[in-house]
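Here's the structure we're looking at; comments come further down.
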There are 2 protein chains.
Amino acid sequence: MSDPDAIHRSPRPGRVAVDRRHLILERVADEQTIQVGEFARELGVSEMTIRRDIRLLERDGFLRQTYGGATAHLTRNLDVAFNARALQHSREKRLIAIRAATLVEGLSTVFLGVGTTIEQFARYLHARPELTAVTPSLVTASLLGTRALRTVALGGTVRRDDLTAVGPIAVATLARYRFEVAVIGAGGFSARWGLTEISDDEAEIQRVAIARAERVIVLADGSKVGRAATSVVAPAEAAHTLVTDASAPAAELAALRGLGVNVVIATADVATGPTTHEDKTSRGTPSTRS
Amino acid sequence: MSDPDAIHRSPRPGRVAVDRRHLILERVADEQTIQVGEFARELGVSEMTIRRDIRLLERDGFLRQTYGGATAHLTRNLDVAFNARALQHSREKRLIAIRAATLVEGLSTVFLGVGTTIEQFARYLHARPELTAVTPSLVTASLLGTRALRTVALGGTVRRDDLTAVGPIAVATLARYRFEVAVIGAGGFSARWGLTEISDDEAEIQRVAIARAERVIVLADGSKVGRAATSVVAPAEAAHTLVTDASAPAAELAALRGLGVNVVIATADVATGPTTHEDKTSRGTPSTRS
DNA sequence: CCGCATTCGAACACAACCGAACAACTTTCG
DNA sequence: CGAAAGTTGTTCGGTTGTGTTCGAATGCGG
């Protein structure tokens, strides 16, 4: 398992240092290579600093230092870099989440999958007492658990990376429910390979959830559309609706539409506020509890 | 500095401190990061105070200290309110948790119950890869889930008050396990009424867990000892060990001892260090993979 | 093979940051 | 009132991150 926290492992890196290393990884993931002088100029730091970063990152196996810069370490770091970037795509994800929330209004049983996009979706899900939400994600379950709807957490072994319950127990629990709609994320979604996921465990759970749902809504930001991960979950036709953003490649969307997938592009026009239970306008007065 | 909280006639010391730490957690939850100097200026306190807060919060696993500030810990976004509950907890509970942690060393399967004392216990539980921890509490599961041990969350309907999985699913899942020791909290614990709990759901789960455990350790601060709640879980003899603090009434403790309960009083002398998820002894040897 | 420009990394310098220790102050309790 | 405990600010020696210098190493074109 590629420890996503490994970047932070140096004794006590500052925020800027961590950010800079993230940037380096991103660049390397994008362009396969990076040059010390260029990047130093770009960030306004000395070359020595970049060199030190590279040495550190190589020590942890994220890349390989070369004469004049560094190159991608083939096997590793893609996931890491994408993870790092996933945190920054939040604008699009929020839009997708808001749009998707409008698609599940009035329903009574929904399945929520795993991933940051789904977490966002949960934030914007309109809570009603007669709504039951089932999810393997502890984060999502915690998020929903405090609100006015019935939340069911799947049990099972908790995965370290994303705090998700996986394994036979989760699958067995899933078998007790039937869903009007399953809202799931995706490691990749393409016409050729359908819905794909990075982890096998997650794929298994999603497969069962899809089988038990009458409708499937896939949430995937543009960078996921047309891409494929390793574990195949279901063909693209299994998804009734795909909610994505404007950055998704048009050709791929056309192909998906050809397969009968209803494609929804989330735009910024409907700037609905979040559905958080507590607004944070209470900045100055810290909670006067108990 | 004029104490802005003096108007409230603060009932116990450290009221401002607790509030300040809440603010820190909020900020970190919002922005993933915080800087000492900036925040100190913002609140009008010295940097040292902020540093002390951060150190404390890291010790309890809320965040991760960095050079110049702190960043969010992986147990991100459990609702801050829930995550921060433990902040208001007395040092008695922490002492109990620390003491109890020494009682479960070397075991391989433990059940962790519900409640803030148990959450504290989880923070100080020494993680080992071969240790399996089972719990119905989403908070505890999230806390443990990022650390180096196998965590199993019970599934089920999530209770709003304390983010606990309850109901038939939780009970059924429990039936798949056997525990060397069950560590549980208590709404009340007395010689007369035994182990009692406020909620029926919780009582049911604890009953099953006790039946499936070879040893039962009850954690209860002094105020709980001698008291009884509405729902009876088990007679006092079911508990092999009670860990409490010095404020527990001596007469009651004597009565419990008479029933064969091994009473342990947690004191401050064993100033055991914290059990943060990442060991920082790896200062000099960076290549030690987690 | 030899120069030559570029890059690398050890060493040093400096600023920012950290934490232990101490002092000043407040609150609690006898 | 006085002792004890808790909280915050300050000081100071040590640590960490970054920039700079400079000799050594490397790639490249004869």
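Ligands are numbered from 1 in the order shown, chains are lettered A, B, ... in the order of the structure tokens, and residues start at 1 in each chain.
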DSSP helix (DSSP H, G or I) selection over range 8-200 of chain B, as a PyMOL selection string: chain B and resi 8+15-31+36-43+47-59+80-88+91-104+116-124+138-145+168-174+200
Show me, as a CSV table (one decimal) with N, CA and C atoms (P, O5', C5', C4', C3', O3' and C1' of nucleotides), in the first residue's frame, the residues that have an atom within 10 Å of range 20-26 of chain C when counting only C-alpha atoms (C1' of nucleotides), minus same-chain residues fewer than 6 positions from it.
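Output (part.csv):
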chain,number,residue,atom,x,y,z
B,13,PRO,N,-11.5,26.0,35.7
B,13,PRO,CA,-10.4,26.7,35.0
B,13,PRO,C,-10.2,26.1,33.6
D,6,DG,P,-3.1,20.9,38.3
D,6,DG,O5',-3.5,22.2,37.5
D,6,DG,C5',-4.8,22.8,37.7
D,6,DG,C4',-4.9,24.0,36.9
D,6,DG,C3',-4.3,23.9,35.4
D,6,DG,O3',-5.2,24.4,34.5
D,6,DG,C1',-3.3,25.7,36.6
D,7,DT,P,-4.8,24.3,33.0
D,7,DT,O5',-4.4,25.8,32.6
D,7,DT,C5',-5.3,26.9,32.9
D,7,DT,C4',-4.6,28.2,32.6
D,7,DT,C3',-4.0,28.2,31.2
D,7,DT,O3',-4.5,29.3,30.5
D,7,DT,C1',-2.5,29.0,32.8
D,8,DT,P,-4.2,29.5,28.9
D,8,DT,O5',-3.1,30.6,28.9
D,8,DT,C5',-3.4,31.9,29.4
D,8,DT,C4',-2.1,32.7,29.6
D,8,DT,C3',-1.3,32.9,28.3
D,8,DT,O3',-1.2,34.2,27.9
D,8,DT,C1',0.1,32.3,30.2
D,9,DG,P,-0.4,34.7,26.6
D,9,DG,O5',1.0,35.2,27.2
D,9,DG,C5',1.0,36.3,28.2
D,9,DG,C4',2.4,36.7,28.6
D,9,DG,C3',3.3,36.9,27.4
D,9,DG,O3',4.1,38.0,27.7
D,9,DG,C1',4.2,35.2,28.8
D,10,DT,P,5.2,38.5,26.6
D,10,DT,O5',6.6,38.0,27.2
D,10,DT,C5',6.9,38.1,28.6
D,10,DT,C4',8.3,37.7,28.9
D,10,DT,C3',9.3,37.8,27.7
D,10,DT,O3',10.5,38.4,28.2
D,10,DT,C1',9.2,35.6,28.4
D,11,DT,P,11.7,38.8,27.2
D,11,DT,O5',12.8,37.7,27.6
D,11,DT,C5',12.9,37.3,29.0
D,11,DT,C4',13.9,36.1,29.1
D,11,DT,C3',15.0,36.2,28.1
D,11,DT,O3',16.2,35.9,28.8
D,11,DT,C1',13.9,34.1,28.0
D,12,DC,P,17.7,36.1,28.0
D,12,DC,O5',18.1,34.6,27.6
D,12,DC,C5',18.0,33.5,28.6
D,12,DC,C4',18.2,32.2,27.9
D,12,DC,C3',19.3,32.3,26.8
D,12,DC,O3',20.1,31.1,26.9
D,12,DC,C1',17.3,31.4,26.0
D,13,DG,P,21.6,31.2,26.4
D,13,DG,O5',21.9,29.7,26.0
D,13,DG,C5',21.6,28.6,26.8
D,13,DG,C4',21.1,27.5,26.0
D,13,DG,C3',22.0,27.0,24.8
D,13,DG,O3',22.0,25.6,24.8
D,13,DG,C1',19.8,27.5,24.1
Between CA of Phe62 in chain B and CA of Gln32 in chain B - distance in Å to one decimal: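 Computing the Euclidean distance for CA of Gln32 in chain B and CA of Phe62 in chain B yields 11.9 Å.
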Picked from range 65-270 of chain B by DSSP as strand (DSSP E or B), as a ChimeraX atom specification: /B:65-67,69-72,109-112,132-135,137,150-153,156-158,164-166,179-184,188-190,194-197,213-219,225,231-234,241-244,262-265
Please tabulate, as a tab-separated table, the residues of chain C that come within 10 Å of chain B, each with its closest pair of atoms and the distance in Å to one decimal, counting only C-alpha atoms (C1' of nucleotides) and ordering rows by chain, then residue number upward.
residue	atom	partner	partner_atom	distance
C:DA16	C1'	B:Gly68	CA	8.5
C:DC17	C1'	B:Gly68	CA	6.4
C:DC18	C1'	B:Tyr67	CA	8.4
C:DG19	C1'	B:Met48	CA	9.0
C:DT26	C1'	B:Pro13	CA	9.2
C:DT27	C1'	B:Pro13	CA	7.0
C:DT28	C1'	B:Pro13	CA	9.2
Written selection (N, CA and C atoms (P, O5', C5', C4', C3', O3' and C1' of nucleotides)) as a CSV table (one decimal), in the first residue's frame:
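The result, written out as out04.csv:
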chain,number,residue,atom,x,y,z
C,16,DA,P,13.0,36.1,10.3
C,16,DA,O5',12.2,34.8,10.6
C,16,DA,C5',12.0,33.9,9.5
C,16,DA,C4',11.6,32.5,10.1
C,16,DA,C3',10.6,32.6,11.2
C,16,DA,O3',9.6,31.7,10.9
C,16,DA,C1',12.5,31.3,11.8
C,17,DC,P,8.3,31.5,11.9
C,17,DC,O5',8.7,30.3,12.7
C,17,DC,C5',9.2,29.1,12.0
C,17,DC,C4',9.6,28.1,13.0
C,17,DC,C3',8.7,27.9,14.2
C,17,DC,O3',8.2,26.6,14.3
C,17,DC,C1',10.9,28.1,14.9
C,18,DC,P,7.1,26.2,15.4
C,18,DC,O5',7.9,25.4,16.5
C,18,DC,C5',8.7,24.3,16.1
C,18,DC,C4',9.6,23.9,17.2
C,18,DC,C3',8.8,23.7,18.5
C,18,DC,O3',8.8,22.3,18.9
C,18,DC,C1',10.8,24.9,18.9
C,19,DG,P,7.7,21.8,20.0
C,19,DG,O5',8.6,21.8,21.3
C,19,DG,C5',9.8,21.1,21.4
C,19,DG,C4',10.5,21.5,22.7
C,19,DG,C3',9.7,21.4,24.0
C,19,DG,O3',10.5,20.9,25.0
C,19,DG,C1',10.6,23.6,23.7
C,26,DT,P,-4.1,38.6,38.4
C,26,DT,O5',-4.8,37.2,38.3
C,26,DT,C5',-5.1,36.7,37.0
C,26,DT,C4',-5.8,35.3,37.1
C,26,DT,C3',-7.0,35.3,38.1
C,26,DT,O3',-8.1,34.7,37.5
C,26,DT,C1',-5.4,33.6,38.6
C,27,DT,P,-9.5,34.8,38.3
C,27,DT,O5',-9.6,33.3,38.8
C,27,DT,C5',-9.5,32.2,37.9
C,27,DT,C4',-9.4,30.9,38.7
C,27,DT,C3',-10.5,30.7,39.7
C,27,DT,O3',-11.1,29.4,39.5
C,27,DT,C1',-8.3,30.2,40.6
C,28,DT,P,-12.3,28.9,40.5
C,28,DT,O5',-11.5,28.0,41.5
C,28,DT,C5',-10.6,27.1,40.9
C,28,DT,C4',-10.2,26.1,42.0
C,28,DT,C3',-11.3,25.8,43.1
C,28,DT,O3',-11.2,24.4,43.4
C,28,DT,C1',-9.4,26.7,44.1
Using only C-alpha atoms (C1' of nucleotides), find each residue of chain D with at least one atom at most 9 Å away from an atom of chain A; report its shortest atom-to-atom pair and that distance in Å (one decimal), sort the rows by chain and rising residue number, and return the result as a tab-separated table.
residue	atom	partner	partner_atom	distance
D:DT16	C1'	A:Arg12	CA	8.3
D:DG17	C1'	A:Gly14	CA	8.4
D:DT18	C1'	A:Thr49	CA	6.7
D:DG19	C1'	A:Ser46	CA	6.7
D:DT26	C1'	A:Tyr67	CA	7.9
D:DG27	C1'	A:Tyr67	CA	8.6
Using N, CA and C atoms (P, O5', C5', C4', C3', O3' and C1' of nucleotides), can you write the selected residues to a file as a JSON list (two decimals), in the first residue's frame?
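And here is the file that came out, selection_33.json:
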[["chain", "number", "residue", "atom", "x", "y", "z"],
["D", 16, "DT", "P", 16.26, 19.02, 14.18],
["D", 16, "DT", "O5'", 15.64, 20.04, 13.14],
["D", 16, "DT", "C5'", 14.34, 20.57, 13.40],
["D", 16, "DT", "C4'", 13.97, 21.55, 12.31],
["D", 16, "DT", "C3'", 14.32, 21.09, 10.89],
["D", 16, "DT", "O3'", 13.20, 21.30, 10.06],
["D", 16, "DT", "C1'", 15.21, 23.24, 11.29],
["D", 17, "DG", "P", 13.21, 20.85, 8.53],
["D", 17, "DG", "O5'", 13.33, 22.25, 7.79],
["D", 17, "DG", "C5'", 12.26, 23.18, 7.95],
["D", 17, "DG", "C4'", 12.51, 24.41, 7.10],
["D", 17, "DG", "C3'", 12.84, 24.11, 5.63],
["D", 17, "DG", "O3'", 12.19, 25.09, 4.83],
["D", 17, "DG", "C1'", 14.64, 25.28, 6.64],
["D", 18, "DT", "P", 12.25, 24.96, 3.24],
["D", 18, "DT", "O5'", 13.37, 26.03, 2.87],
["D", 18, "DT", "C5'", 13.16, 27.39, 3.24],
["D", 18, "DT", "C4'", 14.39, 28.20, 2.95],
["D", 18, "DT", "C3'", 14.96, 28.04, 1.53],
["D", 18, "DT", "O3'", 14.91, 29.30, 0.88],
["D", 18, "DT", "C1'", 16.67, 27.97, 3.18],
["D", 19, "DG", "P", 15.46, 29.47, -0.61],
["D", 19, "DG", "O5'", 16.86, 30.19, -0.37],
["D", 19, "DG", "C5'", 16.89, 31.43, 0.33],
["D", 19, "DG", "C4'", 18.31, 31.97, 0.39],
["D", 19, "DG", "C3'", 19.06, 31.99, -0.94],
["D", 19, "DG", "O3'", 19.77, 33.22, -1.07],
["D", 19, "DG", "C1'", 20.26, 30.70, 0.64],
["D", 26, "DT", "P", 30.57, 11.63, -10.87],
["D", 26, "DT", "O5'", 29.85, 12.38, -12.06],
["D", 26, "DT", "C5'", 28.62, 13.05, -11.81],
["D", 26, "DT", "C4'", 28.16, 13.78, -13.04],
["D", 26, "DT", "C3'", 28.27, 12.96, -14.34],
["D", 26, "DT", "O3'", 27.02, 12.93, -14.97],
["D", 26, "DT", "C1'", 29.19, 15.13, -14.61],
["D", 27, "DG", "P", 26.73, 11.92, -16.19],
["D", 27, "DG", "O5'", 26.58, 12.90, -17.44],
["D", 27, "DG", "C5'", 25.57, 13.89, -17.40],
["D", 27, "DG", "C4'", 25.78, 14.90, -18.49],
["D", 27, "DG", "C3'", 25.89, 14.31, -19.91],
["D", 27, "DG", "O3'", 25.13, 15.11, -20.79],
["D", 27, "DG", "C1'", 27.80, 15.63, -19.45]]
Contact set, chain B to chain A: 7 Å, only C-alpha atoms, as a PyMOL selection string: chain B and resi 19+66-68+78-79+138+142+145-146+150-160+163+165+283
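As for CA of Val233 in chain A and CA of Asp200 in chain A, they are spaced 8.8 Å apart.
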Proximity to DT20 in chain D - best of C:DG30, C:DT6, C:DC1, C:DA11, only C-alpha atoms (C1' of nucleotides):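 Nearest to DT20 in chain D: C:DA11.
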Interatomic distance, CA of Asp221 in chain B to CA of Asn262 in chain B (Å, one decimal): 15.2 Å
